[in-house]
Amino acid sequence: MVTAATDFHARVTSCRACPRLVAHREAVAADPPRRFRGHEYWARPVPSLGEEGFRVLIVGLAPAAHGANRTGRMFTGDRSGEWLYEALHRFGFSSAPHSPDPQDGLRLIGARITAAIHCAPPHNRPTAAELSACQPFLEEEIRQATRLRVVVALGAIAFRAFLRTWKALGREVPKPAPAFGHAATAEIASGVHLLASYHPSQQNTFTGRLTRPMFYGVFAAARRLAGP
């Protein structure tokens, strides 16, 4: 039986709306770095991860070229995922602190992970047109989030993409509009909060712009706002 969830998954993973992204995701799979040679790449749009009835929605930027674009699961198989799943597990949103492989049995608890776009973009920089093309998927996820309490946006692009999507759905955006900054918090509806975090990319974690205590602080707030 085709459910709404399986239909959504099928529509996301079969999308070929953005020629540049299609070409890039397939090109990196055809010529991977030495450490991933012999790996079978997913090389398609990466579906969202998480159970229905979630209270916390985590919005990333996009699949990493040799992370989720390889494994087929959000934030799986790269350094950013190591940081994210460790934090999620620490605050009760994940069954395990590590996510090396999509068959590892990890499951999210009361949370869902999605992205501003579902395909890996060149240089991690999607165009405005590509973000617009993927926005209907995020709109659909927000409409179905009947128990939503917290949105965690990882990085400025994801933060802005979420606010555009929220507004496109006819939802009120506070005035002045929330500004991106690490650990910034805004109540965007009664009982619904938007939290901002620097993205756990190597560019941020290796330079110390984002530390683990800083990252934990965002998810501690998410835990408090989402409830037990």
# chains A, B, ... in the order shown; residues from 1 in each chain; ligands from 1
>>> residues_around(residues="range 109-120 of chain A", least_positions_apart="6", cutoff="8 Å", atoms="only C-alpha atoms", output="number ranges by chain")
A: 12, 21-22, 24-25, 44-51, 53-65, 69, 74, 92-95, 126, 130-131, 134-135, 138, 157-158, 161-162
>>> residues_around(residues="Leu169 in chain A", least_positions_apart="5", cutoff="10 Å", atoms="only C-alpha atoms", output="list in words")
Pro136, Glu139, Glu140, Ile142, Arg143, Leu163 and Arg164 of chain A
>>> atom_distance(atom1="CA of Ile188 in chain A", atom2="CA of Arg171 in chain A")
8.5 Å
>>> residues_around(residues="Phe159 in chain A", least_positions_apart="4", cutoff="7 Å", atoms="only C-alpha atoms", output="number ranges by chain")
A: 153-155, 163, 180, 196
>>> write_last_selection(atoms="all heavy atoms", output="compact mmCIF listing (two decimals), in the first residue's frame")
# COMPACT_ATOMS: atom_id res chain seq x y z
N ALA A 153 17.88 25.21 12.47
CA ALA A 153 18.44 25.49 11.14
C ALA A 153 19.96 25.48 11.24
O ALA A 153 20.55 26.24 12.01
CB ALA A 153 17.95 26.83 10.63
N LEU A 154 20.58 24.62 10.45
CA LEU A 154 22.03 24.48 10.47
C LEU A 154 22.64 25.33 9.36
O LEU A 154 22.66 24.94 8.19
CB LEU A 154 22.43 23.01 10.29
CG LEU A 154 21.86 22.04 11.34
CD1 LEU A 154 22.28 20.62 11.02
CD2 LEU A 154 22.31 22.43 12.74
N GLY A 155 23.09 26.51 9.71
CA GLY A 155 23.70 27.42 8.75
C GLY A 155 22.73 28.47 8.24
O GLY A 155 21.51 28.31 8.28
N LEU A 163 12.73 30.16 6.64
CA LEU A 163 11.87 31.33 6.82
C LEU A 163 11.10 31.65 5.54
O LEU A 163 9.91 32.02 5.60
CB LEU A 163 12.68 32.53 7.27
CG LEU A 163 13.11 32.53 8.74
CD1 LEU A 163 14.01 33.72 9.04
CD2 LEU A 163 11.90 32.53 9.68
N PHE A 180 19.98 35.55 11.46
CA PHE A 180 20.81 34.38 11.72
C PHE A 180 21.99 34.75 12.62
O PHE A 180 22.65 35.77 12.43
CB PHE A 180 21.34 33.78 10.42
CG PHE A 180 22.24 32.59 10.68
CD1 PHE A 180 21.69 31.36 10.97
CD2 PHE A 180 23.63 32.72 10.65
CE1 PHE A 180 22.50 30.27 11.25
CE2 PHE A 180 24.45 31.63 10.92
CZ PHE A 180 23.89 30.39 11.21
N ALA A 196 18.88 28.77 15.63
CA ALA A 196 19.92 28.84 14.61
C ALA A 196 21.22 28.28 15.15
O ALA A 196 21.55 28.45 16.33
CB ALA A 196 20.13 30.29 14.17
>>> atom_distance(atom1="CA of Glu172 in chain A", atom2="CA of Gly227 in chain A")
23.4 Å
>>> atom_distance(atom1="CA of Ala221 in chain A", atom2="CA of Gln202 in chain A")
23.2 Å
>>> closest_residue(among="A:Gly38, A:His193, A:Arg90, A:Thr13", to="Arg73 in chain A", atoms="only C-alpha atoms")
A:Thr13
>>> decode(residues="range 6-83 of chain A", atoms="C-alpha atoms", output="short mmCIF file (atom, residue, chain, number, x, y, z; two decimals), in the first residue's frame")
data_model
loop_
_atom_site.label_atom_id
_atom_site.label_comp_id
_atom_site.auth_asym_id
_atom_site.auth_seq_id
_atom_site.Cartn_x
_atom_site.Cartn_y
_atom_site.Cartn_z
CA THR A 6 6.25 6.43 0.85
CA ASP A 7 4.80 8.65 -1.87
CA PHE A 8 6.76 11.63 -0.55
CA HIS A 9 9.94 9.54 -0.42
CA ALA A 10 9.43 8.38 -4.01
CA ARG A 11 8.84 11.90 -5.29
CA VAL A 12 11.93 13.27 -3.58
CA THR A 13 14.29 10.50 -4.65
CA SER A 14 13.15 10.50 -8.29
CA CYS A 15 13.41 14.28 -8.78
CA ARG A 16 15.53 15.53 -11.72
CA ALA A 17 14.30 19.13 -11.74
CA CYS A 18 17.74 20.79 -11.52
CA PRO A 19 20.12 19.80 -14.37
CA ARG A 20 23.22 21.22 -12.65
CA LEU A 21 22.56 19.21 -9.48
CA VAL A 22 21.78 16.03 -11.40
CA ALA A 23 25.05 16.37 -13.31
CA HIS A 24 27.07 17.07 -10.18
CA ARG A 25 25.68 14.30 -7.99
CA GLU A 26 26.30 11.76 -10.75
CA ALA A 27 29.74 13.11 -11.67
CA VAL A 28 31.13 12.82 -8.14
CA ALA A 29 29.79 9.26 -7.94
CA ALA A 30 31.53 8.37 -11.19
CA ASP A 31 34.90 9.72 -10.04
CA PRO A 32 35.12 9.48 -6.24
CA PRO A 33 38.25 10.20 -4.19
CA ARG A 34 40.55 7.28 -3.54
CA ARG A 35 39.16 6.57 -0.07
CA PHE A 36 35.72 5.87 -1.54
CA ARG A 37 36.67 4.02 -4.69
CA GLY A 38 34.68 0.82 -4.92
CA HIS A 39 31.78 2.31 -2.95
CA GLU A 40 28.40 2.26 -4.63
CA TYR A 41 27.04 5.81 -4.51
CA TRP A 42 23.39 6.69 -3.98
CA ALA A 43 23.79 9.69 -6.36
CA ARG A 44 20.13 10.71 -6.17
CA PRO A 45 18.19 13.21 -4.08
CA VAL A 46 18.50 12.19 -0.44
CA PRO A 47 15.19 11.73 1.38
CA SER A 48 14.42 13.19 4.79
CA LEU A 49 15.01 11.01 7.82
CA GLY A 50 12.82 10.57 10.87
CA GLU A 51 9.56 9.38 12.27
CA GLU A 52 6.12 10.88 11.78
CA GLY A 53 4.75 12.98 14.60
CA PHE A 54 8.12 14.65 15.16
CA ARG A 55 8.41 17.71 17.40
CA VAL A 56 11.87 18.78 16.26
CA LEU A 57 12.71 19.50 12.63
CA ILE A 58 16.40 19.86 11.75
CA VAL A 59 17.03 21.69 8.47
CA GLY A 60 20.45 21.28 6.91
CA LEU A 61 21.83 22.82 3.76
CA ALA A 62 22.23 19.86 1.39
CA PRO A 63 23.70 16.35 1.20
CA ALA A 64 27.50 16.25 1.18
CA ALA A 65 28.96 15.04 -2.10
CA HIS A 66 30.77 12.11 -0.47
CA GLY A 67 28.53 11.85 2.60
CA ALA A 68 24.79 11.50 2.10
CA ASN A 69 25.15 11.59 -1.70
CA ARG A 70 27.18 8.41 -1.24
CA THR A 71 25.23 6.68 1.54
CA GLY A 72 21.69 7.84 0.73
CA ARG A 73 20.88 8.92 4.29
CA MET A 74 20.95 12.44 5.70
CA PHE A 75 24.22 13.33 7.48
CA THR A 76 25.49 9.76 7.20
CA GLY A 77 29.09 8.96 6.35
CA ASP A 78 30.75 12.35 6.86
CA ARG A 79 32.26 14.49 9.63
CA SER A 80 29.25 16.79 9.88
CA GLY A 81 27.09 13.77 10.62
CA GLU A 82 29.46 12.67 13.37
CA TRP A 83 28.87 15.98 15.14
#
